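Data block below; observations after.
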Amino acid sequence: MFEFATPGIGQILKAAGADYAVLDMEHAGFGFDTVRQVVRYCQAAGLPLVVRVPSQQRHHISRALDTGADGVMVPIVSSVEQAKAVLEAAKYWPDGTRGVALGLAHERYAMRREPLLPRLAEQNARTAIILQIEDPRGAAQADAIAALPGVDMLWLGHNDLSVAMGEPGAFDHPDFAKAEKATIEAARKHGKSVGRLSVDARQGAQFAAMGYDFVAIAGDVWLLQQAFADGLATVRGNP
């Protein structure tokens with residue numbers, strides 16, 4: 001989601017058959033008040049929500065999770081050290097150093113009296129950590145990053161990766177194909193998921209055949225634009 005943070009969005013996507021949604025803070029300009037609202041909308045629909053945070057900063061990662069998001073997608077992770085820092089911010093003790101808050105949004109405001117340690121373990125287990133591979137350094141380190149306990153998915157940031165390689169948009173370039181292959185193989189080797197954004201359903205099916213098991217079909221802006229453009233073309237007799 002880049003634009004439509006509306007009350008019905010969770011139920012609209014769920015009714016359409018979506019398995020999850022991603023709310024983008026990196027490029028869309030959403031603030032944490034909006035994130036808090038969209039998390040509630042998706043929880044009401046029973047739709048898992050991942051928040052793509054705007055940076056690797058600790059406060060961005062932990063605040064997104066404290067809103068109750070089911071996971072975070074973190075941009076431009078290029079080294080094992082950066083990946084470990086993300087895990088430190090996202091995981092409670094003993095897996096990390098995330099600051100402890102109890103009975104709030106991430107615990108669905110439940111009035112719980114059980115010991116602290118099982119609650120921390122429950123949150124660690126339910127939180128999905130998705131790291132974006134978006135430059136050649138990240139692709140070269142994909143195997144070591146995917147091997148880290150707590151990393152659940154590698155996500156190929158295709159546009160940024162192609163730009164970082166000096167070949168913007170050249171997704172058929174041998175260097176891009178090599179980096180993509182390394183990322184997919186690293187994830188599968190270590191039993192992790194691997195994801196990518198597609199421009200449409202047909203490309204999403206192609207990605208699934210390549211080994212991606214977490215595919216996003218375009219985004220809210222482009223889905224609306226394309227559906228409306230197709231409808232106009234049909235009505236005007238120019239499909």
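Just remember, in the structure tokens the first chain shown is A, the second B, etc., residues are 1-based per chain, and ligands are 1-based in the order shown.
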
So that I can check the surroundings of Ala128 (chain A), please list as JSON, numbers by chain every protein, DNA and RNA residue that reaches within 12 Å of it, counting only C-alpha atoms and ignoring chain neighbours fewer than 4 positions away. {"A": [20, 48, 49, 50, 51, 52, 61, 64, 65, 68, 69, 70, 71, 72, 73, 74, 86, 87, 90, 91, 123, 124, 149, 150, 151, 152, 153, 154, 192, 193]}

File dump, residues just selected, C-alpha atoms, as a compact mmCIF listing (two decimals), in the first residue's frame:
# COMPACT_ATOMS: atom_id res chain seq x y z
CA TYR A 20 -0.82 -10.46 3.31
CA PRO A 48 -1.24 -10.09 8.17
CA LEU A 49 0.45 -6.73 7.65
CA VAL A 50 4.13 -6.07 7.04
CA VAL A 51 5.45 -2.51 7.38
CA ARG A 52 8.28 -1.47 5.12
CA ILE A 61 11.96 -0.89 13.36
CA ALA A 64 6.59 -0.31 13.66
CA LEU A 65 6.49 -3.57 15.61
CA GLY A 68 1.23 -4.43 16.20
CA ALA A 69 2.59 -5.03 12.70
CA ASP A 70 3.20 -8.69 11.94
CA GLY A 71 6.60 -7.96 10.49
CA VAL A 72 9.00 -5.37 9.13
CA MET A 73 10.65 -5.07 5.73
CA VAL A 74 13.97 -3.26 6.06
CA VAL A 86 18.07 -5.16 12.50
CA LEU A 87 17.57 -8.32 14.54
CA ALA A 90 13.38 -6.22 16.31
CA LYS A 91 13.79 -9.06 18.80
CA GLN A 123 6.53 -11.90 20.22
CA ASN A 124 9.90 -13.04 18.89
CA PRO A 149 18.64 -17.17 12.93
CA GLY A 150 15.71 -14.77 13.03
CA VAL A 151 15.90 -13.69 9.39
CA ASP A 152 12.70 -14.96 7.77
CA MET A 153 12.94 -13.64 4.24
CA LEU A 154 15.16 -11.97 1.66
CA LYS A 192 13.98 -18.91 4.29
CA SER A 193 11.42 -17.27 2.04

Could you write out, as a ChimeraX atom specification, all the residues of region 71-156 of chain A that DSSP marks as helix (DSSP H, G or I)? /A:80-90,105-107,116-126,136-140,142-146

Keeping only N, CA and C atoms, write the selected residues to a file as a CSV table (one decimal), in the first residue's frame.
chain,number,residue,atom,x,y,z
A,80,VAL,N,26.2,-8.7,6.9
A,80,VAL,CA,25.8,-9.4,8.1
A,80,VAL,C,25.7,-8.5,9.3
A,81,GLU,N,26.6,-7.5,9.4
A,81,GLU,CA,26.5,-6.6,10.5
A,81,GLU,C,25.2,-5.8,10.5
A,82,GLN,N,24.8,-5.3,9.3
A,82,GLN,CA,23.5,-4.6,9.3
A,82,GLN,C,22.4,-5.5,9.6
A,83,ALA,N,22.4,-6.7,9.1
A,83,ALA,CA,21.3,-7.7,9.4
A,83,ALA,C,21.2,-7.9,10.9
A,84,LYS,N,22.4,-8.1,11.6
A,84,LYS,CA,22.4,-8.4,13.0
A,84,LYS,C,21.8,-7.1,13.8
A,85,ALA,N,22.1,-5.9,13.3
A,85,ALA,CA,21.6,-4.7,13.9
A,85,ALA,C,20.1,-4.7,13.8
A,86,VAL,N,19.5,-5.1,12.7
A,86,VAL,CA,18.1,-5.2,12.5
A,86,VAL,C,17.5,-6.1,13.5
A,87,LEU,N,18.1,-7.3,13.6
A,87,LEU,CA,17.6,-8.3,14.5
A,87,LEU,C,17.7,-7.8,16.0
A,88,GLU,N,18.7,-7.1,16.3
A,88,GLU,CA,18.8,-6.6,17.7
A,88,GLU,C,17.7,-5.6,18.0
A,89,ALA,N,17.3,-4.8,17.0
A,89,ALA,CA,16.2,-3.8,17.2
A,89,ALA,C,14.8,-4.5,17.2
A,90,ALA,N,14.7,-5.6,16.5
A,90,ALA,CA,13.4,-6.2,16.3
A,90,ALA,C,13.0,-7.3,17.3
A,105,ALA,N,-0.4,-2.4,21.8
A,105,ALA,CA,-0.9,-2.8,20.5
A,105,ALA,C,-0.4,-4.2,20.1
A,106,HIS,N,0.9,-4.4,20.3
A,106,HIS,CA,1.5,-5.6,19.7
A,106,HIS,C,1.0,-6.9,20.5
A,107,GLU,N,0.4,-6.7,21.7
A,107,GLU,CA,-0.2,-7.8,22.4
A,107,GLU,C,-1.7,-7.7,22.4
A,116,LEU,N,7.0,-12.9,32.2
A,116,LEU,CA,7.4,-12.1,31.1
A,116,LEU,C,8.1,-12.9,30.0
A,117,LEU,N,8.9,-13.9,30.4
A,117,LEU,CA,9.7,-14.6,29.4
A,117,LEU,C,8.9,-15.2,28.3
A,118,PRO,N,7.8,-16.0,28.6
A,118,PRO,CA,7.0,-16.5,27.6
A,118,PRO,C,6.4,-15.5,26.7
A,119,ARG,N,6.1,-14.3,27.2
A,119,ARG,CA,5.5,-13.3,26.4
A,119,ARG,C,6.5,-12.7,25.4
A,120,LEU,N,7.7,-12.6,25.8
A,120,LEU,CA,8.8,-12.1,24.9
A,120,LEU,C,9.1,-13.2,23.9
A,121,ALA,N,9.1,-14.4,24.2
A,121,ALA,CA,9.3,-15.5,23.3
A,121,ALA,C,8.2,-15.5,22.2
A,122,GLU,N,7.0,-15.3,22.7
A,122,GLU,CA,5.8,-15.3,21.8
A,122,GLU,C,5.9,-14.2,20.7
A,123,GLN,N,6.4,-13.0,21.2
A,123,GLN,CA,6.5,-11.9,20.2
A,123,GLN,C,7.7,-12.2,19.3
A,124,ASN,N,8.8,-12.7,19.8
A,124,ASN,CA,9.9,-13.0,18.9
A,124,ASN,C,9.5,-14.0,17.8
A,125,ALA,N,8.7,-15.0,18.2
A,125,ALA,CA,8.3,-16.0,17.2
A,125,ALA,C,7.3,-15.5,16.2
A,126,ARG,N,6.4,-14.5,16.6
A,126,ARG,CA,5.4,-14.1,15.6
A,126,ARG,C,5.9,-12.9,14.7
A,136,PRO,N,24.8,-4.8,-5.0
A,136,PRO,CA,25.7,-5.9,-5.2
A,136,PRO,C,26.3,-6.4,-3.9
A,137,ARG,N,26.6,-5.6,-2.9
A,137,ARG,CA,27.2,-6.1,-1.7
A,137,ARG,C,26.2,-7.0,-1.0
A,138,GLY,N,24.9,-6.6,-1.0
A,138,GLY,CA,23.9,-7.4,-0.3
A,138,GLY,C,23.7,-8.7,-1.0
A,139,ALA,N,23.8,-8.7,-2.3
A,139,ALA,CA,23.7,-10.0,-3.1
A,139,ALA,C,24.9,-10.9,-2.8
A,140,ALA,N,26.0,-10.3,-2.7
A,140,ALA,CA,27.2,-11.1,-2.4
A,140,ALA,C,27.2,-11.7,-1.0
A,142,ALA,N,24.3,-12.5,0.5
A,142,ALA,CA,23.0,-13.1,0.7
A,142,ALA,C,23.0,-14.4,1.5
A,143,ASP,N,24.0,-15.2,1.2
A,143,ASP,CA,24.1,-16.5,1.8
A,143,ASP,C,24.3,-16.4,3.3
A,144,ALA,N,25.2,-15.5,3.7
A,144,ALA,CA,25.6,-15.3,5.1
A,144,ALA,C,24.4,-14.6,5.8
A,145,ILE,N,23.7,-13.7,5.2
A,145,ILE,CA,22.6,-13.0,5.8
A,145,ILE,C,21.4,-14.0,6.0
A,146,ALA,N,21.1,-14.8,5.0
A,146,ALA,CA,20.0,-15.8,5.1
A,146,ALA,C,20.3,-16.8,6.2

With only C-alpha atoms as the counted atoms, please give the residues lying no more than 12 Å from Ser162 (chain A), apart from itself and same-chain residues fewer than 5 positions off, as a count of residues only. 21

Would you give me, as a tab-separated table, each residue of region 118-213 of chain A having an atom within 12 Å of an atom of region 223-239 of chain A, along with its shortest atom pair and that distance in Å to one decimal, using only C-alpha atoms and sorting by chain and residue number?
residue	atom	partner	partner_atom	distance
A:Ser198	CA	A:Leu223	CA	11.4
A:Val199	CA	A:Leu223	CA	9.1
A:Asp200	CA	A:Leu223	CA	8.2
A:Ala201	CA	A:Leu223	CA	10.3

Pairwise distance, CA of Gly211 (chain A) with CA of Leu148 (chain A), equals 20.4 Å

Nearby residues (only C-alpha atoms) at most 10 Å from Gly103 (chain A), same-chain spacing under 6 positions excluded, as a ChimeraX atom specification: /A:109-113

Keeping only N, CA and C atoms, write the selected residues to a file as a PDB file, in the first residue's frame.
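Produced file out_4.pdb, reproduced below:
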ATOM      1  N   TYR A 109      -3.585  -5.398  23.286  1.00  0.00           N
ATOM      2  CA  TYR A 109      -4.100  -4.752  24.496  1.00  0.00           C
ATOM      3  C   TYR A 109      -4.623  -5.743  25.528  1.00  0.00           C
ATOM      4  N   ALA A 110      -4.138  -6.966  25.461  1.00  0.00           N
ATOM      5  CA  ALA A 110      -4.627  -8.011  26.375  1.00  0.00           C
ATOM      6  C   ALA A 110      -4.116  -7.772  27.793  1.00  0.00           C
ATOM      7  N   MET A 111      -4.981  -8.029  28.757  1.00  0.00           N
ATOM      8  CA  MET A 111      -4.605  -7.949  30.169  1.00  0.00           C
ATOM      9  C   MET A 111      -4.072  -9.316  30.587  1.00  0.00           C
ATOM     10  N   ARG A 112      -2.760  -9.452  30.508  1.00  0.00           N
ATOM     11  CA  ARG A 112      -2.124 -10.749  30.722  1.00  0.00           C
ATOM     12  C   ARG A 112      -1.304 -10.722  32.006  1.00  0.00           C
ATOM     13  N   ARG A 113      -1.295 -11.860  32.693  1.00  0.00           N
ATOM     14  CA  ARG A 113      -0.594 -11.928  33.978  1.00  0.00           C
ATOM     15  C   ARG A 113       0.471 -13.015  34.005  1.00  0.00           C
TER      16      ARG A 113
END

Smallest atom-to-atom distance to Asp19 (chain A): which of A:Lys181, A:Val38, A:Met1, A:Ala216, using only C-alpha atoms?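 Among A:Lys181, A:Val38, A:Met1, A:Ala216, it is A:Ala216 that comes nearest to Asp19 (chain A).
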
Nearest to Gln37 (chain A) among A:Ser78, A:Thr6, A:Gln206, A:Thr97, with distances taken over only C-alpha atoms: which residue is it?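 Among the listed residues, the smallest separation from Gln37 (chain A) belongs to A:Thr6.
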